[in-house]
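S.K.: For reference, the structure I am asking about is given below.
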Amino acid sequence: MRHLRYAVIATALVLSGCSATPTTWTHPPMAIPYQPSLQQQIQLARIEQILQQPNIPQITLATIYYDRGLLHDSLGLRDFARLDFNKSLTLNPNQPDLFNVAGVIFTQMGMFDSAYESFDSTLDLAPDHPYAHRNRGIALYYGERYDLANDDLLPHYQQDINDPYRVIWLYINDLKFVPQQAQSLLQQRYVMSDKQDWGWQIVRMYLGDISEEQFVTDIAESSDNNEQLALRLTEGYFYLAQRYQQQQDYSTAVMLYKLALSGNVYEFIEHRLSLLELSRIFMAEQNAAPELSSLSE
């Protein structure tokens, strides 16, 4: 990760109103966006030099393309990353981690059937893969297959009940799967946890134990450097946007998803899914526009 000078741009945040009234946001906290580091640029140059060498073993070449794909992906160069991953898979199809990354990318693109197949391949090759069940559960959630998403997300949570993000994704799916029980289940899982990870602040915000203003102000005031600030704001704004989207306050959700993207934390699932959410909201608006037009005639 890049280590940049700590800075907060416009740290005051003002929230007023509730879900039924417009929300006023003034000067939300922002981090200096991530930029390609010197180390990353050197890594790319070294890989290019290695690829010029003759007679590289096929398995080694597959690893090199995979590593370069990860590097391109971390820089937000998704198309270059996909090209590298495809080359790597052609050379060595026995790569569960690569299938997992491919599934995440397919999810971001809204290609859910391809995502399911990729995660299935990961789990066929590595049944105990640490992230494939969560990522497949998220893809199933976006594919509106909430019962199947629960089948992945619930066992994943049970493997580590102290991971707040496992609890959060279960809650997001529960809002669709068992909406009347979602809040009480979230409360139960919070009580059972050790509450040590910073991510539990997101759960506290969802439970109403802290206000949205407290939540975002805490991120700005407790982050030790710009890297930590960028990471936490990416998460914080995404999960805040989820809340407003559930309330059908799409204008505020769009603004928050854009703020989640502003730190350039390309590797975070919250950055990837912010792009997906924005595309889905805009597509829904475009599809609704002709209907509204016909009603006005």
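Here's how to read the names in the structure tokens: chain A, B, ... by the order shown, residue numbers from 1 in each chain, ligand numbers from 1 in the order shown.
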What lies within 12 Å of Phe106 of chain A using only C-alpha atoms, ignoring chain neighbours under 5 positions off, as an NGL selection string?
M.R.: :A and (78-79 or 82 or 99-101 or 111-119 or 135-136 or 138-140 or 142-143 or 272-273 or 276)
S.K.: Write out, as a tab-separated table (two decimals), in the first residue's frame, the residues just selected, with C-alpha atoms.
M.R.:
chain	number	residue	atom	x	y	z
A	78	ARG	CA	-8.88	-3.50	-14.97
A	79	ASP	CA	-8.64	-4.28	-18.69
A	82	ARG	CA	-8.03	-9.18	-17.25
A	99	PHE	CA	-10.45	-17.74	-10.33
A	100	ASN	CA	-11.44	-15.93	-7.12
A	101	VAL	CA	-10.08	-12.60	-8.39
A	111	MET	CA	-21.66	-10.64	-15.11
A	112	PHE	CA	-23.04	-12.79	-12.32
A	113	ASP	CA	-23.23	-16.17	-14.08
A	114	SER	CA	-19.54	-15.87	-14.98
A	115	ALA	CA	-18.82	-14.84	-11.40
A	116	TYR	CA	-20.60	-17.91	-10.00
A	117	GLU	CA	-18.63	-20.17	-12.34
A	118	SER	CA	-15.35	-18.57	-11.31
A	119	PHE	CA	-16.04	-18.97	-7.60
A	135	ASN	CA	-17.31	-13.37	-2.59
A	136	ARG	CA	-19.74	-15.87	-4.12
A	138	ILE	CA	-21.92	-11.23	-2.47
A	139	ALA	CA	-22.29	-12.11	-6.16
A	140	LEU	CA	-25.42	-14.14	-5.37
A	142	TYR	CA	-26.36	-8.90	-6.39
A	143	GLY	CA	-27.87	-11.59	-8.59
A	272	ARG	CA	-15.40	-2.23	-6.80
A	273	LEU	CA	-19.00	-2.53	-5.62
A	276	LEU	CA	-21.44	-1.65	-9.64
S.K.: I'd like the contact shell of Asp151 of chain A - 12 Å cut-off, only C-alpha atoms, skipping same-chain residues fewer than 2 positions apart - returned as a VMD selection string.
M.R.: chain A and resid 133 to 134 136 to 138 140 to 141 145 to 149 153 to 158 170 173 to 174 177
S.K.: For segment 249-259 of chain A, work out the shell of residues within 12 Å, counting only C-alpha atoms and skipping chain neighbours fewer than 5 positions away, then give it as a PyMOL selection string.
M.R.: chain A and resi 15+18-33+216+230-244+264-265+270-282+284-285
S.K.: Name the residues in contact with Gln187 of chain A at a cut-off of 10 Å, using only C-alpha atoms, excluding same-chain residues fewer than 2 positions from it; report them as number ranges by chain.
M.R.: A: 167, 171, 182-185, 189-192, 203-204, 206-207
S.K.: From the options A:Asp152, A:Asp73, A:Glu221, A:Glu212, which residue's atoms come nearest to Ile105 of chain A, counting only C-alpha atoms?
M.R.: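 Checking each candidate against Ile105 of chain A, we get A:Asp73 as the closest.
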S.K.: Could you pull out all residues of segment 152-194 of chain A with a DSSP call of alpha helix (DSSP H) and give them as number ranges by chain?
M.R.: A: 152-158, 164-177, 182-192
